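Enquirer: Structure below; questions to follow.
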Amino acid sequence: MGVQCVDCVREAAKTAPRVTTAMGGRARGGRPVVTFTLIGLCVASFLMQQASGGQWTSALLFAPGIGAIEPWRFLTAAFLHATNITHILFNMWALYVTGQFLEPVLGRARFVALCVLSAVGGSVGVVLLSDPVQTGVGVAWGPSVVGASGMVFGLFGAMVPVLRRLGSNAAQVLVLIAINAAIGFVVPGIAWEAHLGGLVTGFALGAAFSRAPRDRQRLVGWLAPVALAVVLVVLTLWKYSATGWLGLVYG
């Protein structure tokens, strides 16, 4: 095989043509690393929930009222799950199936942005579709939510425009979305608000990625997530302000 100069190999890699996917992401072979990493983080967090006696859950779950004080909970709640093991099993299965398809097509960077913003969008959906209530001890704003469902629904939503961009039929995904959305309204204890927020967020970002002209894909690849993040922040601040929650918390 011979001996190769390390600097020469590095320089050749820089000048090699950049192979991209249909969505403009960097084409990579091998396993869907981001998908497996997210699954690993959720499983590790689930074990921490069991080992900590609820303290891990209490520190990272999301509720609209506490989200105004600790905004990182908009994201961290996506890595928590209910004690019922079927909750995490279904979400991890759905994340695995959708990630196997979307991560190679979008590229890792776009897929990370999609997952993060869908998770946050799920929490924003809870904020927008709920209100503070007067209780016997003061004003509270729930519900408290955990789970990767917002992220998963975001991946479902993104698959629709991506499949259409690739010329494939999205009917099966639409049926799957409809069934799971209906379950959220029928089965008690499911945060349908998070499902809807994640779904809308994922669909919007997936549409932006899939409809970007070929010569603008790199620009849209970073501009669309930034713009969507700004929209989510503005909507959240608007709802907190409209309900008077910001004044109650920081006044």
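Starting from 1 in every chain, residues are counted up; chains themselves are A, B, ... following the order of the structure tokens, and ligands are numbered from 1 as listed.
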Applying 9 Å and only C-alpha atoms, which residues near Gln100 in chain A remain after dropping the ones on its own chain fewer than 3 positions away? List them as a PyMOL selection string.
Expert: chain A and resi 31-32+35+95-97+103-104
Enquirer: I need the residues from that last selection saved to file as a PDB file, in the first residue's frame (with all heavy atoms), if you can.
Expert:
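For reference, out28.pdb as written:
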```pdb
ATOM      1  N   ARG A  31     -23.657   3.697   9.993  1.00  0.00           N
ATOM      2  CA  ARG A  31     -24.836   3.713  10.852  1.00  0.00           C
ATOM      3  C   ARG A  31     -25.337   5.137  11.115  1.00  0.00           C
ATOM      4  O   ARG A  31     -24.549   6.083  11.059  1.00  0.00           O
ATOM      5  CB  ARG A  31     -24.514   3.039  12.185  1.00  0.00           C
ATOM      6  CG  ARG A  31     -24.125   1.565  12.044  1.00  0.00           C
ATOM      7  CD  ARG A  31     -23.775   0.987  13.400  1.00  0.00           C
ATOM      8  NE  ARG A  31     -23.371  -0.412  13.291  1.00  0.00           N
ATOM      9  CZ  ARG A  31     -24.218  -1.435  13.279  1.00  0.00           C
ATOM     10  NH1 ARG A  31     -25.523  -1.200  13.371  1.00  0.00           N
ATOM     11  NH2 ARG A  31     -23.796  -2.673  13.183  1.00  0.00           N
ATOM     12  N   PRO A  32     -26.618   5.282  11.430  1.00  0.00           N
ATOM     13  CA  PRO A  32     -27.158   6.610  11.779  1.00  0.00           C
ATOM     14  C   PRO A  32     -26.713   7.007  13.189  1.00  0.00           C
ATOM     15  O   PRO A  32     -27.408   6.763  14.180  1.00  0.00           O
ATOM     16  CB  PRO A  32     -28.676   6.406  11.693  1.00  0.00           C
ATOM     17  CG  PRO A  32     -28.873   4.955  11.966  1.00  0.00           C
ATOM     18  CD  PRO A  32     -27.669   4.257  11.401  1.00  0.00           C
ATOM     19  N   THR A  35     -29.027   9.222  15.480  1.00  0.00           N
ATOM     20  CA  THR A  35     -30.196   8.476  15.956  1.00  0.00           C
ATOM     21  C   THR A  35     -29.830   7.585  17.131  1.00  0.00           C
ATOM     22  O   THR A  35     -30.518   7.577  18.164  1.00  0.00           O
ATOM     23  CB  THR A  35     -30.785   7.622  14.820  1.00  0.00           C
ATOM     24  OG1 THR A  35     -31.167   8.471  13.735  1.00  0.00           O
ATOM     25  CG2 THR A  35     -31.991   6.836  15.296  1.00  0.00           C
ATOM     26  N   LEU A  95     -38.345   6.556  17.034  1.00  0.00           N
ATOM     27  CA  LEU A  95     -37.144   7.335  16.746  1.00  0.00           C
ATOM     28  C   LEU A  95     -36.181   6.540  15.873  1.00  0.00           C
ATOM     29  O   LEU A  95     -35.582   7.084  14.940  1.00  0.00           O
ATOM     30  CB  LEU A  95     -36.469   7.731  18.063  1.00  0.00           C
ATOM     31  CG  LEU A  95     -35.151   8.511  17.968  1.00  0.00           C
ATOM     32  CD1 LEU A  95     -35.315   9.785  17.160  1.00  0.00           C
ATOM     33  CD2 LEU A  95     -34.635   8.828  19.371  1.00  0.00           C
ATOM     34  N   TYR A  96     -36.057   5.255  16.151  1.00  0.00           N
ATOM     35  CA  TYR A  96     -35.168   4.399  15.365  1.00  0.00           C
ATOM     36  C   TYR A  96     -35.642   4.287  13.917  1.00  0.00           C
ATOM     37  O   TYR A  96     -34.857   4.439  12.977  1.00  0.00           O
ATOM     38  CB  TYR A  96     -35.100   3.012  16.006  1.00  0.00           C
ATOM     39  CG  TYR A  96     -34.333   1.990  15.206  1.00  0.00           C
ATOM     40  CD1 TYR A  96     -32.943   1.993  15.183  1.00  0.00           C
ATOM     41  CD2 TYR A  96     -35.005   1.016  14.459  1.00  0.00           C
ATOM     42  CE1 TYR A  96     -32.235   1.052  14.436  1.00  0.00           C
ATOM     43  CE2 TYR A  96     -34.310   0.073  13.714  1.00  0.00           C
ATOM     44  CZ  TYR A  96     -32.933   0.094  13.709  1.00  0.00           C
ATOM     45  OH  TYR A  96     -32.240  -0.835  12.968  1.00  0.00           O
ATOM     46  N   VAL A  97     -36.931   4.056  13.740  1.00  0.00           N
ATOM     47  CA  VAL A  97     -37.479   3.869  12.387  1.00  0.00           C
ATOM     48  C   VAL A  97     -37.370   5.156  11.568  1.00  0.00           C
ATOM     49  O   VAL A  97     -36.903   5.144  10.424  1.00  0.00           O
ATOM     50  CB  VAL A  97     -38.947   3.397  12.468  1.00  0.00           C
ATOM     51  CG1 VAL A  97     -39.585   3.406  11.076  1.00  0.00           C
ATOM     52  CG2 VAL A  97     -39.015   2.000  13.069  1.00  0.00           C
ATOM     53  N   GLU A 103     -32.083  10.625   8.846  1.00  0.00           N
ATOM     54  CA  GLU A 103     -30.700  11.058   9.081  1.00  0.00           C
ATOM     55  C   GLU A 103     -29.825  10.942   7.836  1.00  0.00           C
ATOM     56  O   GLU A 103     -29.116  11.901   7.490  1.00  0.00           O
ATOM     57  CB  GLU A 103     -30.093  10.275  10.248  1.00  0.00           C
ATOM     58  CG  GLU A 103     -28.685  10.746  10.597  1.00  0.00           C
ATOM     59  CD  GLU A 103     -28.091  10.046  11.803  1.00  0.00           C
ATOM     60  OE1 GLU A 103     -28.862   9.481  12.613  1.00  0.00           O
ATOM     61  OE2 GLU A 103     -26.861  10.070  11.955  1.00  0.00           O
ATOM     62  N   PRO A 104     -29.846   9.817   7.116  1.00  0.00           N
ATOM     63  CA  PRO A 104     -29.034   9.762   5.891  1.00  0.00           C
ATOM     64  C   PRO A 104     -29.502  10.726   4.806  1.00  0.00           C
ATOM     65  O   PRO A 104     -28.694  11.239   4.033  1.00  0.00           O
ATOM     66  CB  PRO A 104     -29.183   8.302   5.435  1.00  0.00           C
ATOM     67  CG  PRO A 104     -29.641   7.554   6.632  1.00  0.00           C
ATOM     68  CD  PRO A 104     -30.489   8.522   7.405  1.00  0.00           C
TER      69      PRO A 104
END
```
Enquirer: Might you pull out every residue within 9 Å of Val33 in chain A, with only C-alpha atoms counted and same-chain residues fewer than 4 positions away left off, and present them as a tab-separated table (two decimals) with C-alpha atoms, in the first residue's frame?
Expert:
```tsv
chain	number	residue	atom	x	y	z
A	37	THR	CA	-26.89	8.72	20.23
A	38	LEU	CA	-30.34	10.15	20.95
A	103	GLU	CA	-30.70	11.06	9.08
A	108	ARG	CA	-26.42	14.77	10.43
```
Enquirer: If you measure from CA of Ser210 in chain A to CA of Gly150 in chain A, what distance in Å do you get, rounded to one decimal?
Expert: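 Distance reported for this atom pair: 20.7 Å.
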Enquirer: Identify which of the residues A:Val152, A:Ala113, A:Ala27, A:Val133 lies closest to Phe79 in chain A, counting only C-alpha atoms when measuring atom-to-atom distances.
Expert: A:Val152
Enquirer: In Å, how far is it from CA of Val112 in chain A to CA of Gln50 in chain A?
Expert: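 Answer for the CA of Val112 in chain A to CA of Gln50 in chain A separation: 27.0 Å.
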Enquirer: Which one of A:Ser144, A:Ser123, A:Thr201, A:Gln217 sits closest to Ala59 in chain A if you count only C-alpha atoms?
Expert: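 Using only C-alpha atoms, the shortest distance to Ala59 in chain A belongs to A:Ser144.
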Enquirer: Work out how far apart CA of Gln49 in chain A and CA of Ala78 in chain A are and give it in Å to one decimal.
Expert: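 Computing the Euclidean distance for CA of Gln49 in chain A and CA of Ala78 in chain A yields 13.1 Å.
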